[in-house]
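*Asks:* Dropping in protein.tsv, with TSV, N, CA, C and O atoms.
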```tsv
chain	number	residue	atom	x	y	z
A	1	SER	N	326.07	106.46	45.93
A	1	SER	CA	326.97	105.80	46.86
A	1	SER	C	328.37	106.38	46.72
A	1	SER	O	328.85	106.63	45.63
A	2	SER	N	329.01	106.57	47.83
A	2	SER	CA	330.35	107.15	47.85
A	2	SER	C	331.39	106.11	47.49
A	2	SER	O	331.21	104.93	47.67
A	3	GLY	N	332.55	106.58	46.99
A	3	GLY	CA	333.65	105.69	46.70
A	3	GLY	C	334.36	105.21	47.95
A	3	GLY	O	335.21	104.35	47.90
A	4	ASN	N	334.01	105.77	49.10
A	4	ASN	CA	334.64	105.41	50.36
A	4	ASN	C	333.80	104.41	51.15
A	4	ASN	O	333.70	104.48	52.36
A	5	VAL	N	333.18	103.49	50.43
A	5	VAL	CA	332.35	102.45	51.04
A	5	VAL	C	332.96	101.10	50.69
A	5	VAL	O	333.35	100.87	49.56
A	6	ALA	N	333.04	100.22	51.68
A	6	ALA	CA	333.54	98.87	51.44
A	6	ALA	C	332.44	97.88	51.76
A	6	ALA	O	331.66	98.09	52.69
A	7	GLU	N	332.38	96.80	50.97
A	7	GLU	CA	331.41	95.73	51.22
A	7	GLU	C	332.13	94.40	51.28
A	7	GLU	O	333.03	94.15	50.48
A	8	PHE	N	331.70	93.57	52.22
A	8	PHE	CA	332.28	92.25	52.40
A	8	PHE	C	331.13	91.25	52.48
A	8	PHE	O	330.16	91.49	53.18
A	9	GLN	N	331.27	90.12	51.78
A	9	GLN	CA	330.20	89.13	51.76
A	9	GLN	C	330.52	88.01	52.74
A	9	GLN	O	331.65	87.52	52.82
A	10	TYR	N	329.48	87.58	53.48
A	10	TYR	CA	329.59	86.48	54.43
A	10	TYR	C	328.36	85.59	54.29
A	10	TYR	O	327.28	86.09	53.98
A	11	ILE	N	328.54	84.31	54.56
A	11	ILE	CA	327.40	83.40	54.67
A	11	ILE	C	327.05	83.32	56.15
A	11	ILE	O	327.88	82.94	56.97
A	12	LEU	N	325.83	83.69	56.49
A	12	LEU	CA	325.37	83.67	57.87
A	12	LEU	C	324.25	82.64	58.01
A	12	LEU	O	323.54	82.36	57.03
A	13	SER	N	324.12	82.07	59.20
A	13	SER	CA	323.23	80.92	59.40
A	13	SER	C	322.00	81.26	60.23
A	13	SER	O	322.10	81.93	61.26
A	14	ARG	N	320.88	80.74	59.77
A	14	ARG	CA	319.59	80.92	60.44
A	14	ARG	C	319.68	80.39	61.87
A	14	ARG	O	320.28	79.36	62.14
A	15	GLY	N	319.05	81.12	62.79
A	15	GLY	CA	318.99	80.70	64.18
A	15	GLY	C	320.16	81.16	65.03
A	15	GLY	O	320.11	81.09	66.24
A	16	HIS	N	321.22	81.64	64.39
A	16	HIS	CA	322.38	82.14	65.13
A	16	HIS	C	322.15	83.61	65.50
A	16	HIS	O	321.53	84.36	64.75
A	17	THR	N	322.65	83.99	66.66
A	17	THR	CA	322.67	85.39	67.06
A	17	THR	C	324.08	85.90	66.78
A	17	THR	O	325.06	85.34	67.26
A	18	TYR	N	324.18	86.95	65.96
A	18	TYR	CA	325.47	87.52	65.59
A	18	TYR	C	325.71	88.81	66.35
A	18	TYR	O	324.79	89.60	66.56
A	19	ILE	N	326.94	89.00	66.76
A	19	ILE	CA	327.36	90.24	67.41
A	19	ILE	C	328.48	90.83	66.58
A	19	ILE	O	329.48	90.17	66.30
A	20	PHE	N	328.29	92.05	66.13
A	20	PHE	CA	329.28	92.78	65.34
A	20	PHE	C	329.80	93.92	66.21
A	20	PHE	O	329.03	94.80	66.60
A	21	VAL	N	331.09	93.90	66.51
A	21	VAL	CA	331.71	94.98	67.27
A	21	VAL	C	332.43	95.88	66.27
A	21	VAL	O	333.25	95.41	65.47
A	22	VAL	N	332.11	97.16	66.31
A	22	VAL	CA	332.62	98.14	65.35
A	22	VAL	C	333.68	98.99	66.03
A	22	VAL	O	333.42	99.61	67.06
A	23	CYS	N	334.88	99.00	65.47
A	23	CYS	CA	336.01	99.74	66.04
A	23	CYS	C	336.55	100.71	65.00
A	23	CYS	O	337.35	100.32	64.15
A	24	GLY	N	336.08	101.96	65.03
A	24	GLY	CA	336.59	102.98	64.12
A	24	GLY	C	337.89	103.56	64.66
A	24	GLY	O	338.02	103.78	65.86
A	25	GLY	N	338.86	103.76	63.79
A	25	GLY	CA	340.15	104.29	64.22
A	25	GLY	C	340.09	105.77	64.53
A	25	GLY	O	339.37	106.54	63.88
A	26	GLY	N	340.80	106.19	65.54
A	26	GLY	CA	340.85	107.61	65.91
A	26	GLY	C	339.48	108.12	66.31
A	26	GLY	O	338.71	107.44	66.98
A	27	ASP	N	339.16	109.33	65.85
A	27	ASP	CA	337.86	109.91	66.20
A	27	ASP	C	336.84	109.71	65.08
A	27	ASP	O	335.80	110.36	65.05
A	28	LYS	N	337.13	108.81	64.15
A	28	LYS	CA	336.22	108.57	63.02
A	28	LYS	C	335.00	107.79	63.48
A	28	LYS	O	335.11	106.84	64.25
A	29	GLU	N	333.84	108.21	63.01
A	29	GLU	CA	332.61	107.50	63.31
A	29	GLU	C	332.32	106.55	62.16
A	29	GLU	O	332.08	106.97	61.04
A	30	MET	N	332.38	105.25	62.45
A	30	MET	CA	332.26	104.22	61.43
A	30	MET	C	330.86	103.63	61.46
A	30	MET	O	330.35	103.29	62.54
A	31	GLN	N	330.26	103.51	60.29
A	31	GLN	CA	328.93	102.93	60.18
A	31	GLN	C	329.02	101.54	59.57
A	31	GLN	O	329.71	101.34	58.57
A	32	LEU	N	328.30	100.61	60.17
A	32	LEU	CA	328.18	99.25	59.65
A	32	LEU	C	326.71	98.98	59.37
A	32	LEU	O	325.85	99.23	60.22
A	33	GLU	N	326.45	98.49	58.16
A	33	GLU	CA	325.11	98.02	57.82
A	33	GLU	C	325.22	96.56	57.41
A	33	GLU	O	326.13	96.20	56.67
A	34	VAL	N	324.32	95.74	57.91
A	34	VAL	CA	324.22	94.35	57.47
A	34	VAL	C	323.10	94.33	56.43
A	34	VAL	O	321.97	94.73	56.72
A	35	LEU	N	323.45	93.89	55.21
A	35	LEU	CA	322.50	93.87	54.10
A	35	LEU	C	322.17	92.42	53.74
A	35	LEU	O	323.05	91.55	53.78
A	36	ASN	N	320.92	92.18	53.37
A	36	ASN	CA	320.53	90.84	52.94
A	36	ASN	C	320.94	90.61	51.48
A	36	ASN	O	321.57	91.47	50.86
A	37	LYS	N	320.56	89.46	50.91
A	37	LYS	CA	320.98	89.12	49.54
A	37	LYS	C	320.47	90.11	48.51
A	37	LYS	O	321.06	90.25	47.44
A	38	ASP	N	319.38	90.81	48.83
A	38	ASP	CA	318.83	91.83	47.93
A	38	ASP	C	319.40	93.21	48.21
A	38	ASP	O	318.90	94.21	47.68
A	39	LYS	N	320.44	93.26	49.07
A	39	LYS	CA	321.13	94.50	49.46
A	39	LYS	C	320.22	95.46	50.24
A	39	LYS	O	320.40	96.66	50.23
A	40	LYS	N	319.23	94.89	50.94
A	40	LYS	CA	318.36	95.67	51.82
A	40	LYS	C	318.90	95.59	53.23
A	40	LYS	O	319.26	94.50	53.70
A	41	PRO	N	318.98	96.71	53.96
A	41	PRO	CA	319.52	96.68	55.32
A	41	PRO	C	318.64	95.88	56.29
A	41	PRO	O	317.42	96.03	56.28
A	42	VAL	N	319.29	95.03	57.08
A	42	VAL	CA	318.57	94.28	58.12
A	42	VAL	C	319.06	94.67	59.52
A	42	VAL	O	318.41	94.36	60.51
A	43	ALA	N	320.21	95.35	59.60
A	43	ALA	CA	320.74	95.81	60.89
A	43	ALA	C	321.77	96.91	60.63
A	43	ALA	O	322.41	96.94	59.57
A	44	THR	N	321.91	97.83	61.59
A	44	THR	CA	322.90	98.90	61.49
A	44	THR	C	323.33	99.32	62.88
A	44	THR	O	322.59	99.12	63.85
A	45	ASN	N	324.52	99.91	62.96
A	45	ASN	CA	324.97	100.46	64.25
A	45	ASN	C	324.65	101.95	64.36
A	45	ASN	O	324.96	102.57	65.37
A	46	TYR	N	324.02	102.52	63.33
A	46	TYR	CA	323.64	103.93	63.35
A	46	TYR	C	322.14	104.01	63.66
A	46	TYR	O	321.30	103.74	62.80
A	47	VAL	N	321.82	104.31	64.93
A	47	VAL	CA	320.43	104.31	65.40
A	47	VAL	C	320.16	105.62	66.13
A	47	VAL	O	320.97	106.04	66.96
A	48	ASN	N	319.03	106.24	65.83
A	48	ASN	CA	318.64	107.51	66.46
A	48	ASN	C	319.76	108.56	66.38
A	48	ASN	O	320.07	109.23	67.35
A	49	ARG	N	320.38	108.64	65.21
A	49	ARG	CA	321.44	109.61	64.91
A	49	ARG	C	322.68	109.43	65.79
A	49	ARG	O	323.41	110.38	66.04
A	50	GLN	N	322.90	108.21	66.26
A	50	GLN	CA	324.09	107.91	67.06
A	50	GLN	C	324.77	106.66	66.51
A	50	GLN	O	324.09	105.71	66.10
A	51	TYR	N	326.09	106.67	66.55
A	51	TYR	CA	326.89	105.51	66.16
A	51	TYR	C	327.13	104.66	67.40
A	51	TYR	O	327.67	105.14	68.39
A	52	HIS	N	326.75	103.40	67.34
A	52	HIS	CA	326.94	102.48	68.46
A	52	HIS	C	328.09	101.53	68.12
A	52	HIS	O	328.33	101.24	66.95
A	53	ASN	N	328.79	101.03	69.13
A	53	ASN	CA	329.96	100.20	68.86
A	53	ASN	C	329.62	98.72	68.77
A	53	ASN	O	330.52	97.89	68.62
A	54	LYS	N	328.32	98.37	68.81
A	54	LYS	CA	327.95	96.96	68.74
A	54	LYS	C	326.56	96.80	68.13
A	54	LYS	O	325.68	97.62	68.36
A	55	ILE	N	326.41	95.73	67.35
A	55	ILE	CA	325.10	95.31	66.85
A	55	ILE	C	324.91	93.87	67.32
A	55	ILE	O	325.80	93.04	67.17
A	56	GLN	N	323.75	93.58	67.88
A	56	GLN	CA	323.36	92.19	68.13
A	56	GLN	C	322.17	91.91	67.25
A	56	GLN	O	321.18	92.65	67.28
A	57	TRP	N	322.25	90.84	66.44
A	57	TRP	CA	321.24	90.59	65.43
A	57	TRP	C	320.96	89.10	65.32
A	57	TRP	O	321.89	88.29	65.28
A	58	ASP	N	319.69	88.73	65.27
A	58	ASP	CA	319.28	87.33	65.10
A	58	ASP	C	319.01	87.06	63.63
A	58	ASP	O	318.13	87.69	63.02
A	59	CYS	N	319.75	86.12	63.07
A	59	CYS	CA	319.61	85.77	61.65
A	59	CYS	C	318.42	84.82	61.49
A	59	CYS	O	318.35	83.80	62.16
A	60	ASN	N	317.51	85.17	60.58
A	60	ASN	CA	316.33	84.31	60.38
A	60	ASN	C	316.33	83.57	59.05
A	60	ASN	O	315.37	82.90	58.72
A	61	ALA	N	317.40	83.71	58.26
A	61	ALA	CA	317.51	82.98	56.99
A	61	ALA	C	318.98	82.76	56.65
A	61	ALA	O	319.76	83.71	56.62
A	62	THR	N	319.36	81.51	56.41
A	62	THR	CA	320.73	81.20	56.00
A	62	THR	C	320.96	81.73	54.59
A	62	THR	O	320.10	81.60	53.72
A	63	GLY	N	322.11	82.34	54.37
A	63	GLY	CA	322.43	82.82	53.04
A	63	GLY	C	323.52	83.86	53.05
A	63	GLY	O	324.19	84.09	54.07
A	64	ALA	N	323.70	84.48	51.89
A	64	ALA	CA	324.72	85.51	51.72
A	64	ALA	C	324.23	86.84	52.28
A	64	ALA	O	323.10	87.26	52.00
A	65	TYR	N	325.07	87.46	53.07
A	65	TYR	CA	324.81	88.80	53.60
A	65	TYR	C	326.03	89.65	53.31
A	65	TYR	O	327.14	89.13	53.10
A	66	TYR	N	325.84	90.95	53.29
A	66	TYR	CA	326.92	91.88	53.00
A	66	TYR	C	327.11	92.82	54.18
A	66	TYR	O	326.14	93.34	54.72
A	67	LEU	N	328.36	93.00	54.57
A	67	LEU	CA	328.69	94.00	55.58
A	67	LEU	C	329.16	95.23	54.83
A	67	LEU	O	330.17	95.19	54.12
A	68	LYS	N	328.42	96.32	54.95
A	68	LYS	CA	328.72	97.57	54.26
A	68	LYS	C	329.28	98.54	55.29
A	68	LYS	O	328.62	98.85	56.28
A	69	VAL	N	330.51	98.99	55.05
A	69	VAL	CA	331.22	99.84	56.00
A	69	VAL	C	331.49	101.20	55.37
A	69	VAL	O	331.95	101.28	54.23
A	70	SER	N	331.21	102.26	56.13
A	70	SER	CA	331.51	103.62	55.67
A	70	SER	C	331.81	104.48	56.89
A	70	SER	O	331.65	104.04	58.02
A	71	PHE	N	332.27	105.70	56.63
A	71	PHE	CA	332.58	106.63	57.71
A	71	PHE	C	331.72	107.87	57.56
A	71	PHE	O	331.35	108.26	56.45
A	72	LYS	N	331.43	108.49	58.69
A	72	LYS	CA	330.60	109.68	58.73
A	72	LYS	C	331.07	110.71	57.71
A	72	LYS	O	332.26	110.97	57.59
A	73	GLY	N	330.12	111.25	56.97
A	73	GLY	CA	330.43	112.28	55.99
A	73	GLY	C	331.12	111.76	54.74
A	73	GLY	O	331.61	112.53	53.93
A	74	GLY	N	331.18	110.45	54.56
A	74	GLY	CA	331.85	109.89	53.39
A	74	GLY	C	333.36	110.00	53.44
A	74	GLY	O	334.03	109.83	52.43
A	75	ASN	N	333.89	110.29	54.61
A	75	ASN	CA	335.34	110.44	54.77
A	75	ASN	C	336.05	109.10	54.68
A	75	ASN	O	335.45	108.05	54.85
A	76	ASN	N	337.36	109.17	54.44
A	76	ASN	CA	338.21	107.99	54.52
A	76	ASN	C	338.41	107.65	55.98
A	76	ASN	O	338.33	108.51	56.85
A	77	GLY	N	338.70	106.40	56.26
A	77	GLY	CA	338.97	106.00	57.63
A	77	GLY	C	339.53	104.61	57.68
A	77	GLY	O	339.63	103.92	56.68
A	78	CYS	N	339.90	104.22	58.87
A	78	CYS	CA	340.44	102.89	59.11
A	78	CYS	C	339.73	102.33	60.33
A	78	CYS	O	339.50	103.06	61.30
A	79	GLY	N	339.39	101.07	60.29
A	79	GLY	CA	338.70	100.48	61.42
A	79	GLY	C	338.69	98.97	61.31
A	79	GLY	O	339.27	98.39	60.39
A	80	ALA	N	338.02	98.35	62.25
A	80	ALA	CA	337.91	96.90	62.27
A	80	ALA	C	336.51	96.50	62.71
A	80	ALA	O	335.86	97.25	63.44
A	81	ILE	N	336.09	95.34	62.26
A	81	ILE	CA	334.83	94.75	62.71
A	81	ILE	C	335.14	93.36	63.24
A	81	ILE	O	335.79	92.57	62.57
A	82	ILE	N	334.69	93.10	64.44
A	82	ILE	CA	334.86	91.79	65.05
A	82	ILE	C	333.50	91.11	65.03
A	82	ILE	O	332.49	91.70	65.45
A	83	ILE	N	333.46	89.89	64.51
A	83	ILE	CA	332.20	89.16	64.39
A	83	ILE	C	332.21	87.98	65.34
A	83	ILE	O	333.13	87.15	65.31
A	84	GLY	N	331.19	87.91	66.19
A	84	GLY	CA	331.01	86.77	67.06
A	84	GLY	C	329.61	86.22	66.86
A	84	GLY	O	328.76	86.87	66.29
A	85	PHE	N	329.39	84.98	67.29
A	85	PHE	CA	328.05	84.42	67.15
A	85	PHE	C	327.77	83.42	68.24
A	85	PHE	O	328.68	82.88	68.87
A	86	LYS	N	326.49	83.22	68.45
A	86	LYS	CA	326.01	82.22	69.41
A	86	LYS	C	325.11	81.27	68.65
A	86	LYS	O	324.17	81.69	67.98
A	87	LYS	N	325.42	79.97	68.73
A	87	LYS	CA	324.62	78.96	68.06
A	87	LYS	C	323.28	78.80	68.78
A	87	LYS	O	323.18	79.05	69.98
A	88	PRO	N	322.27	78.34	68.03
A	88	PRO	CA	320.99	78.09	68.68
A	88	PRO	C	321.11	76.96	69.70
A	88	PRO	O	321.91	76.06	69.52
A	89	GLN	N	320.31	77.02	70.74
A	89	GLN	CA	320.33	75.99	71.79
A	89	GLN	C	319.55	74.77	71.35
A	89	GLN	O	318.54	74.84	70.77
```
Can I see the file as structure tokens?

*Replies:*
Amino acid sequence: SSGNVAEFQYILSRGHTYIFVVCGGGDKEMQLEVLNKDKKPVATNYVNRQYHNKIQWDCNATGAYYLKVSFKGGNNGCGAIIIGFKKPQ
């Protein structure tokens, strides 16, 4: 693992649909991975060798999750992640 990786812990709720908007600064390609409590990836914005600016993910278990952020090639970068959610009906 590179030293240019940041992780943030959040408690996410079962039944909610989460939307993560990824905003990498400048021309940097920013990767976001959502990891479960065992640090296994459950969602990512890097799909088919492309960086996408949004993840929509349905949470199926309440608990601690980690947002792991890095930049292409292990480079330094600056960016933001906006988290939105929709409650179950």

*Asks:* Got a sec: who's within 8 Å of region 15-29 of chain A, counting all atoms listed in the file, leaving out chain neighbours fewer than 5 positions off, as an MDAnalysis selection string?

*Replies:* chainID A and resid 45 51:62 70:89

*Asks:* Quick one: distance from atom O of Ser13 (chain A) to atom N of Val69 (chain A) in Å, one decimal?

*Replies:*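 We find that atom O of Ser13 (chain A) and atom N of Val69 (chain A) lie 20.0 Å from each other.
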
*Asks:* Box time for region 48-59 of chain A: axis-aligned, enclosing all its listed atoms, 8 Å extra on each side; report centre and edge lengths in Å to one decimal, as JSON.

*Replies:*
```
{"center_x": 324.3, "center_y": 97.1, "center_z": 65.3, "size_x": 28.4, "size_y": 42.6, "size_z": 23.6}
```

*Asks:* As an exercise, work out the distance from atom O of Arg14 (chain A) to atom C of Lys68 (chain A) in Å and give it to one decimal place.

*Replies:*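 It comes out at 22.3 Å.
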
*Asks:* Could you check which residues have any atom within 7 Å of (325.8, 97.3, 54.0), counting all atoms listed in the file with coordinates taken straight from the file, and then list them as a list of chain:residue names?

*Replies:*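 I get A:Ala6, A:Glu7, A:Leu32, A:Glu33, A:Val34, A:Leu35, A:Lys39, A:Pro41, A:Ala43, A:Tyr66, A:Leu67, A:Lys68, A:Val69 for the residues within 7 Å of that point.
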
*Asks:* Name the residues of chain A that fall into strand (DSSP E or B) according to DSSP on the backbone, using the chain letters and numbers of this document, as an MDAnalysis selection string.

*Replies:* chainID A and resid 6:12 17:24 30:35 41:44 46:47 50:51 54:58 63:71 79:86

*Asks:* Interatomic distance between atom N of Ile11 (chain A) and atom N of Asn48 (chain A)?

*Replies:*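 Separation between atom N of Ile11 (chain A) and atom N of Asn48 (chain A): 26.4 Å.
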